[in-house]
>>> print(open('final_30.csv').read())   # CSV, C-alpha atoms
chain,number,residue,atom,x,y,z
A,45,MET,CA,-42.8,107.2,-45.7
A,46,LYS,CA,-42.7,110.8,-46.9
A,47,ILE,CA,-45.6,112.8,-45.5
A,48,ALA,CA,-46.9,116.2,-46.7
A,49,VAL,CA,-49.3,118.2,-44.6
A,50,LEU,CA,-51.7,120.5,-46.4
A,51,VAL,CA,-52.7,123.7,-44.5
A,52,SER,CA,-54.7,126.9,-44.9
A,53,GLY,CA,-54.9,128.5,-41.5
A,54,GLN,CA,-53.5,128.9,-38.0
A,55,GLY,CA,-51.7,125.6,-37.9
A,56,SER,CA,-52.7,124.3,-34.5
A,57,ILE,CA,-53.0,120.7,-35.7
A,58,LEU,CA,-49.7,121.0,-37.6
A,59,GLU,CA,-48.0,122.2,-34.4
A,60,ALA,CA,-49.3,119.1,-32.6
A,61,LEU,CA,-47.9,116.9,-35.4
A,62,ILE,CA,-44.5,118.7,-35.0
A,63,ARG,CA,-44.6,118.4,-31.2
A,64,GLU,CA,-45.3,114.7,-31.5
A,65,ARG,CA,-42.4,114.3,-33.9
A,66,VAL,CA,-44.4,113.1,-36.9
A,67,PRO,CA,-41.9,112.9,-39.7
A,68,ILE,CA,-43.1,115.6,-42.1
A,69,ALA,CA,-41.3,116.0,-45.4
A,70,LEU,CA,-43.3,119.0,-46.6
A,71,VAL,CA,-45.9,121.5,-45.6
A,72,ALA,CA,-47.9,123.0,-48.5
A,73,GLY,CA,-50.5,125.8,-48.2
A,74,ASP,CA,-53.1,127.2,-50.6
A,75,ARG,CA,-52.6,130.8,-49.2
A,76,GLU,CA,-50.2,132.7,-47.0
A,77,CYS,CA,-50.9,131.6,-43.4
A,78,ARG,CA,-49.5,131.1,-39.9
A,79,ALA,CA,-49.2,127.4,-40.5
A,80,LEU,CA,-46.5,127.9,-43.1
A,81,GLU,CA,-44.6,130.1,-40.7
A,82,ALA,CA,-44.9,127.4,-38.0
A,83,ALA,CA,-43.4,124.8,-40.5
A,84,GLU,CA,-40.6,127.2,-41.4
A,85,ASN,CA,-39.8,127.8,-37.8
A,86,ALA,CA,-39.5,124.1,-37.3
A,87,GLY,CA,-37.2,123.7,-40.2
A,88,ILE,CA,-39.7,121.8,-42.4
A,89,PRO,CA,-39.7,122.6,-46.1
A,90,THR,CA,-42.7,124.6,-47.2
A,91,GLU,CA,-44.4,125.4,-50.6
A,92,LEU,CA,-47.0,128.0,-51.2
A,93,VAL,CA,-49.2,126.6,-54.0
A,94,GLU,CA,-51.3,129.7,-54.0
A,95,ARG,CA,-55.0,129.8,-54.8
A,96,GLY,CA,-55.5,133.2,-56.4
A,97,ASP,CA,-59.2,132.8,-57.1
A,98,PHE,CA,-61.8,132.2,-54.4
A,99,GLY,CA,-64.8,132.9,-56.7
A,100,ALA,CA,-67.0,130.9,-59.1
A,101,SER,CA,-64.3,130.9,-61.8
A,102,PHE,CA,-61.8,129.0,-59.7
A,103,ASP,CA,-60.2,126.3,-61.9
A,104,ARG,CA,-60.1,123.4,-59.5
A,105,HIS,CA,-58.5,121.0,-62.0
A,106,GLU,CA,-55.7,123.4,-62.8
A,107,TYR,CA,-55.0,124.0,-59.1
A,108,THR,CA,-55.0,120.3,-58.3
A,109,GLU,CA,-52.5,119.7,-61.1
A,110,ARG,CA,-50.2,122.3,-59.7
A,111,LEU,CA,-50.4,120.9,-56.2
A,112,MET,CA,-49.9,117.3,-57.4
A,113,HIS,CA,-46.8,118.4,-59.3
A,114,VAL,CA,-45.3,119.9,-56.1
A,115,LEU,CA,-46.1,116.8,-54.1
A,116,LYS,CA,-44.6,114.5,-56.7
A,117,THR,CA,-41.4,116.6,-56.9
A,118,TYR,CA,-40.9,115.9,-53.2
A,119,GLY,CA,-41.7,112.2,-53.6
A,120,ILE,CA,-44.7,112.4,-51.2
A,121,GLU,CA,-46.3,109.1,-50.3
A,122,LEU,CA,-48.9,110.2,-47.7
A,123,VAL,CA,-50.9,113.4,-47.6
A,124,ALA,CA,-52.4,114.7,-44.3
A,125,MET,CA,-54.9,117.5,-44.6
A,126,ALA,CA,-54.9,119.8,-41.5
A,127,GLY,CA,-57.4,122.5,-41.9
A,128,PHE,CA,-56.9,122.6,-45.7
A,129,MET,CA,-59.8,124.6,-47.1
A,130,THR,CA,-59.5,123.9,-50.9
A,131,PHE,CA,-61.6,121.1,-52.2
A,132,LEU,CA,-59.5,119.2,-54.7
A,133,SER,CA,-60.6,117.5,-58.0
A,134,GLU,CA,-61.0,113.8,-58.5
A,135,GLU,CA,-57.6,113.2,-60.0
A,136,PHE,CA,-55.9,114.1,-56.8
A,137,PHE,CA,-57.5,111.2,-54.9
A,138,GLU,CA,-57.0,108.8,-57.9
A,139,ASN,CA,-53.2,109.6,-57.8
A,140,PHE,CA,-52.9,109.3,-54.0
A,141,GLY,CA,-55.7,106.7,-53.7
A,142,GLY,CA,-56.1,105.7,-50.1
A,143,ARG,CA,-53.1,107.8,-49.0
A,144,VAL,CA,-54.9,111.1,-48.3
A,145,LEU,CA,-56.1,111.6,-44.7
A,146,ASN,CA,-58.3,114.2,-43.2
A,147,THR,CA,-59.5,115.2,-39.8
A,148,HIS,CA,-63.1,116.3,-39.3
A,149,PRO,CA,-64.7,117.8,-36.2
A,150,SER,CA,-67.6,115.3,-35.7
A,151,LEU,CA,-68.2,111.6,-35.4
A,152,LEU,CA,-68.8,110.9,-39.1
A,153,PRO,CA,-71.0,110.0,-40.8
A,154,ARG,CA,-73.0,112.5,-38.6
A,155,PHE,CA,-72.6,116.2,-39.1
A,156,LYS,CA,-70.7,116.5,-42.4
A,157,GLY,CA,-69.6,119.8,-43.8
A,158,ASP,CA,-68.2,123.2,-42.7
A,159,HIS,CA,-70.7,123.7,-39.8
A,160,ALA,CA,-70.2,120.3,-38.1
A,161,VAL,CA,-69.7,121.7,-34.6
A,162,ARG,CA,-72.7,124.0,-34.8
A,163,ASP,CA,-74.8,121.3,-36.2
A,164,ALA,CA,-73.9,118.9,-33.4
A,165,LEU,CA,-74.7,121.5,-30.8
A,166,GLU,CA,-78.0,122.4,-32.4
A,167,SER,CA,-79.1,118.8,-32.8
A,168,GLY,CA,-79.4,118.2,-29.1
A,169,ALA,CA,-76.8,115.4,-29.2
A,170,GLN,CA,-75.0,114.5,-26.0
A,171,GLU,CA,-71.7,113.9,-27.7
A,172,THR,CA,-69.7,114.5,-30.8
A,173,GLY,CA,-66.0,114.2,-31.5
A,174,CYS,CA,-63.4,114.0,-34.2
A,175,THR,CA,-62.8,111.6,-37.0
A,176,ILE,CA,-59.7,110.7,-38.9
A,177,HIS,CA,-60.7,109.3,-42.3
A,178,ILE,CA,-59.5,108.7,-45.8
A,179,ALA,CA,-60.3,111.7,-47.9
A,180,THR,CA,-62.1,111.2,-51.2
A,181,GLU,CA,-63.6,113.6,-53.8
A,182,LYS,CA,-66.8,113.3,-51.9
A,183,LEU,CA,-67.0,115.7,-49.0
A,184,ASP,CA,-66.4,114.0,-45.6
A,185,GLU,CA,-66.8,110.5,-47.1
A,186,GLY,CA,-64.2,107.8,-47.2
A,187,GLN,CA,-63.3,105.0,-44.8
A,188,ILE,CA,-63.1,105.9,-41.1
A,189,ILE,CA,-59.7,105.2,-39.6
A,190,ALA,CA,-60.2,106.4,-36.0
A,191,GLN,CA,-62.5,108.5,-33.9
A,192,GLU,CA,-62.5,110.1,-30.4
A,193,THR,CA,-65.6,111.1,-28.6
A,194,VAL,CA,-66.1,114.5,-27.0
A,195,PRO,CA,-69.0,115.1,-24.6
A,196,ILE,CA,-71.4,118.1,-25.2
A,197,HIS,CA,-72.0,120.0,-22.0
A,198,GLU,CA,-75.0,121.9,-21.1
A,199,GLY,CA,-74.5,125.6,-22.0
A,200,ASP,CA,-71.7,124.8,-24.5
A,201,THR,CA,-71.0,127.4,-27.2
A,202,VAL,CA,-69.7,126.5,-30.6
A,203,ASP,CA,-66.3,127.9,-29.8
A,204,ALA,CA,-66.0,126.1,-26.5
A,205,LEU,CA,-67.1,122.8,-28.0
A,206,HIS,CA,-64.8,123.2,-31.0
A,207,GLU,CA,-61.8,123.9,-28.8
A,208,ARG,CA,-62.4,120.6,-27.0
A,209,ILE,CA,-62.7,118.8,-30.3
A,210,LYS,CA,-59.5,120.3,-31.5
A,211,GLN,CA,-57.8,119.0,-28.3
A,212,ALA,CA,-58.9,115.5,-29.3
A,213,GLU,CA,-57.7,116.0,-32.9
A,214,ARG,CA,-54.3,117.1,-31.6
A,215,ARG,CA,-54.1,113.8,-29.7
A,216,LEU,CA,-55.5,111.5,-32.2
A,217,TYR,CA,-54.1,112.7,-35.6
A,218,PRO,CA,-50.4,112.5,-34.6
A,219,ARG,CA,-50.9,109.0,-33.1
A,220,ILE,CA,-52.6,107.7,-36.2
A,221,LEU,CA,-49.9,109.1,-38.6
A,222,LYS,CA,-47.1,107.7,-36.4
A,223,ASP,CA,-48.9,104.3,-36.4
A,224,ILE,CA,-49.1,104.4,-40.2
A,225,VAL,CA,-45.4,105.3,-40.6
A,226,SER,CA,-44.3,102.6,-38.1
A,227,GLY,CA,-46.4,100.0,-39.9
A,228,GLU,CA,-48.7,99.3,-36.9
A,229,LEU,CA,-51.7,100.6,-38.8
A,230,ALA,CA,-52.2,99.5,-42.4
A,231,LEU,CA,-54.2,101.7,-44.8
A,232,PRO,CA,-56.6,100.0,-47.2
A,233,ARG,CA,-55.3,99.1,-50.7
A,234,LYS,CA,-56.1,101.5,-53.5
A,235,GLU,CA,-58.1,98.8,-55.4
A,236,ASP,CA,-60.2,98.1,-52.3
A,237,ILE,CA,-61.1,101.8,-52.1
A,238,ILE,CA,-62.1,101.8,-55.8
A,239,LYS,CA,-64.3,98.7,-55.2
A,240,SER,CA,-66.0,100.3,-52.2
A,241,ASP,CA,-66.8,103.5,-54.1
A,242,ASN,CA,-68.5,101.5,-56.9
>>> encode(input="final_30.csv", output="structure tokens")
Amino acid sequence: MKIAVLVSGQGSILEALIRERVPIALVAGDRECRALEAAENAGIPTELVERGDFGASFDRHEYTERLMHVLKTYGIELVAMAGFMTFLSEEFFENFGGRVLNTHPSLLPRFKGDHAVRDALESGAQETGCTIHIATEKLDEGQIIAQETVPIHEGDTVDALHERIKQAERRLYPRILKDIVSGELALPRKEDIIKSDN
């Protein structure tokens, strides 16, 4: 199974996937970033599908089409988002239905969005964690594949809590991807996902 990892930032999750020998066929980024350098250093093919516009005029459909073209060129069968910060349009998830995974720093469905760690801390919750889920066009929705709980300590800061969540992600994400590749974990069928969305 050919896996592509989508990145935008420092690449700590990508480095965990590489360390755990997840078979990665391609790393694609939406901007120049350290994660692409990490992939190159590991001998993994990289593609910069650059997002030139970060304003209101950003053409999400056009960008999604460019990214899909690259992934299809490499014969990608499974997409793993790892800190990828561009929200893609619906046709991406229709094309790769049920084969796009994301990791999120909370125990979904609680604390969706970009401030999940802060929101968990401010809520007074005693625990949070990370979730590996099937990505859809709806933010932080999609079937939950696996979760790992992380306790919230008294006096925690957002940075300290987020670092512990990242440690959990670096354990859980590689394991889930390797289980999918080996056949130990079956993803839902595309038609089942379509039914559950309706």
>>> residues_around(input="final_30.csv", residues="Leu151 (chain A)", least_positions_apart="3", cutoff="10 Å", atoms="only C-alpha atoms", output="ChimeraX atom specification")
/A:148,154-156,160,164,171-176,188,190-194
>>> atom_distance(input="final_30.csv", atom1="CA of Ala179 (chain A)", atom2="CA of Leu165 (chain A)")
24.4 Å
>>> closest_residue(input="final_30.csv", among="A:Leu221, A:Val71, A:Ala230, A:Val161", to="Leu115 (chain A)", atoms="all atoms listed in the file")
A:Val71
>>> residues_around(input="final_30.csv", residues="Pro232 (chain A)", least_positions_apart="5", cutoff="10 Å", atoms="all atoms listed in the file", output="list in words")
Gly141, Gly142, Arg143, Ile178, Gln187, Ile189 and Ile237 of chain A
>>> closest_residue(input="final_30.csv", among="A:Gln170, A:Ile68, A:Tyr217, A:Arg110", to="Glu84 (chain A)", atoms="only C-alpha atoms")
A:Ile68
>>> closest_residue(input="final_30.csv", among="A:Asn139, A:Tyr107, A:Pro195, A:Ser226", to="Ala212 (chain A)", atoms="only C-alpha atoms")
A:Pro195
>>> closest_atom_pairs(input="final_30.csv", of="region 150-188 of chain A", to="region 128-137 of chain A", cutoff="10 Å", atoms="all atoms listed in the file", output="JSON lines")
{"residue": "A:Asp158", "atom": "CA", "partner": "A:Met129", "partner_atom": "CA", "distance": 9.6}
{"residue": "A:Ile178", "atom": "CA", "partner": "A:Phe137", "partner_atom": "CA", "distance": 9.6}
{"residue": "A:Ala179", "atom": "CA", "partner": "A:Phe137", "partner_atom": "CA", "distance": 7.6}
{"residue": "A:Thr180", "atom": "CA", "partner": "A:Phe137", "partner_atom": "CA", "distance": 5.9}
{"residue": "A:Glu181", "atom": "CA", "partner": "A:Glu134", "partner_atom": "CA", "distance": 5.4}
{"residue": "A:Lys182", "atom": "CA", "partner": "A:Glu134", "partner_atom": "CA", "distance": 8.8}
{"residue": "A:Leu183", "atom": "CA", "partner": "A:Phe131", "partner_atom": "CA", "distance": 8.3}
>>> residues_around(input="final_30.csv", residues="Ile62 (chain A)", least_positions_apart="6", cutoff="10 Å", atoms="all atoms listed in the file", output="PDB file with C-alpha atoms, keeping the file's coordinate frame")
ATOM      1  CA  SER A  56     -52.700 124.300 -34.500  1.00  0.00           C
ATOM      2  CA  ILE A  68     -43.100 115.600 -42.100  1.00  0.00           C
ATOM      3  CA  ALA A  82     -44.900 127.400 -38.000  1.00  0.00           C
ATOM      4  CA  ALA A  83     -43.400 124.800 -40.500  1.00  0.00           C
ATOM      5  CA  ALA A  86     -39.500 124.100 -37.300  1.00  0.00           C
ATOM      6  CA  ILE A  88     -39.700 121.800 -42.400  1.00  0.00           C
ATOM      7  CA  PRO A 218     -50.400 112.500 -34.600  1.00  0.00           C
TER       8      PRO A 218
END
>>> closest_residue(input="final_30.csv", among="A:Leu152, A:Ala124, A:Val51, A:Val114", to="Pro67 (chain A)", atoms="only C-alpha atoms")
A:Ala124
>>> atom_distance(input="final_30.csv", atom1="CA of Glu213 (chain A)", atom2="CA of Glu91 (chain A)")
24.1 Å
>>> closest_residue(input="final_30.csv", among="A:Ala79, A:Ile196, A:Ile57, A:Leu92", to="Ser167 (chain A)", atoms="all atoms listed in the file")
A:Ile196
>>> build_atoms(input="final_30.csv", residues="region 158-174 of chain A", atoms="N, CA and C atoms", output="PDB file, in the frame of the given file")
ATOM      1  N   ASP A 158     -68.993 122.102 -43.348  1.00  0.00           N
ATOM      2  CA  ASP A 158     -68.200 123.200 -42.700  1.00  0.00           C
ATOM      3  C   ASP A 158     -68.798 123.574 -41.329  1.00  0.00           C
ATOM      4  N   HIS A 159     -70.042 123.215 -41.030  1.00  0.00           N
ATOM      5  CA  HIS A 159     -70.700 123.700 -39.800  1.00  0.00           C
ATOM      6  C   HIS A 159     -70.950 122.486 -38.842  1.00  0.00           C
ATOM      7  N   ALA A 160     -70.030 121.523 -38.842  1.00  0.00           N
ATOM      8  CA  ALA A 160     -70.200 120.300 -38.100  1.00  0.00           C
ATOM      9  C   ALA A 160     -70.405 120.533 -36.593  1.00  0.00           C
ATOM     10  N   VAL A 161     -69.613 121.452 -36.045  1.00  0.00           N
ATOM     11  CA  VAL A 161     -69.700 121.700 -34.600  1.00  0.00           C
ATOM     12  C   VAL A 161     -71.008 122.357 -34.246  1.00  0.00           C
ATOM     13  N   ARG A 162     -71.376 123.363 -35.004  1.00  0.00           N
ATOM     14  CA  ARG A 162     -72.700 124.000 -34.800  1.00  0.00           C
ATOM     15  C   ARG A 162     -73.823 123.070 -34.940  1.00  0.00           C
ATOM     16  N   ASP A 163     -73.751 122.238 -35.970  1.00  0.00           N
ATOM     17  CA  ASP A 163     -74.800 121.300 -36.200  1.00  0.00           C
ATOM     18  C   ASP A 163     -74.987 120.286 -35.103  1.00  0.00           C
ATOM     19  N   ALA A 164     -73.861 119.825 -34.568  1.00  0.00           N
ATOM     20  CA  ALA A 164     -73.900 118.900 -33.400  1.00  0.00           C
ATOM     21  C   ALA A 164     -74.551 119.528 -32.227  1.00  0.00           C
ATOM     22  N   LEU A 165     -74.171 120.778 -31.981  1.00  0.00           N
ATOM     23  CA  LEU A 165     -74.700 121.500 -30.800  1.00  0.00           C
ATOM     24  C   LEU A 165     -76.198 121.728 -30.963  1.00  0.00           C
ATOM     25  N   GLU A 166     -76.624 122.131 -32.150  1.00  0.00           N
ATOM     26  CA  GLU A 166     -78.000 122.400 -32.400  1.00  0.00           C
ATOM     27  C   GLU A 166     -78.907 121.187 -32.449  1.00  0.00           C
ATOM     28  N   SER A 167     -78.292 120.039 -32.665  1.00  0.00           N
ATOM     29  CA  SER A 167     -79.100 118.800 -32.800  1.00  0.00           C
ATOM     30  C   SER A 167     -79.592 118.264 -31.489  1.00  0.00           C
ATOM     31  N   GLY A 168     -78.999 118.742 -30.386  1.00  0.00           N
ATOM     32  CA  GLY A 168     -79.400 118.200 -29.100  1.00  0.00           C
ATOM     33  C   GLY A 168     -78.605 116.933 -28.718  1.00  0.00           C
ATOM     34  N   ALA A 169     -77.608 116.573 -29.532  1.00  0.00           N
ATOM     35  CA  ALA A 169     -76.800 115.400 -29.200  1.00  0.00           C
ATOM     36  C   ALA A 169     -76.043 115.560 -27.931  1.00  0.00           C
ATOM     37  N   GLN A 170     -75.759 114.459 -27.271  1.00  0.00           N
ATOM     38  CA  GLN A 170     -75.000 114.500 -26.000  1.00  0.00           C
ATOM     39  C   GLN A 170     -73.512 114.380 -26.210  1.00  0.00           C
ATOM     40  N   GLU A 171     -73.118 113.982 -27.413  1.00  0.00           N
ATOM     41  CA  GLU A 171     -71.700 113.900 -27.700  1.00  0.00           C
ATOM     42  C   GLU A 171     -71.421 114.070 -29.172  1.00  0.00           C
ATOM     43  N   THR A 172     -70.204 114.456 -29.444  1.00  0.00           N
ATOM     44  CA  THR A 172     -69.700 114.500 -30.800  1.00  0.00           C
ATOM     45  C   THR A 172     -68.246 114.091 -30.753  1.00  0.00           C
ATOM     46  N   GLY A 173     -67.363 114.668 -31.545  1.00  0.00           N
ATOM     47  CA  GLY A 173     -66.000 114.200 -31.500  1.00  0.00           C
ATOM     48  C   GLY A 173     -65.215 114.582 -32.712  1.00  0.00           C
ATOM     49  N   CYS A 174     -64.197 113.786 -33.014  1.00  0.00           N
ATOM     50  CA  CYS A 174     -63.400 114.000 -34.200  1.00  0.00           C
ATOM     51  C   CYS A 174     -63.210 112.658 -34.916  1.00  0.00           C
TER      52      CYS A 174
END
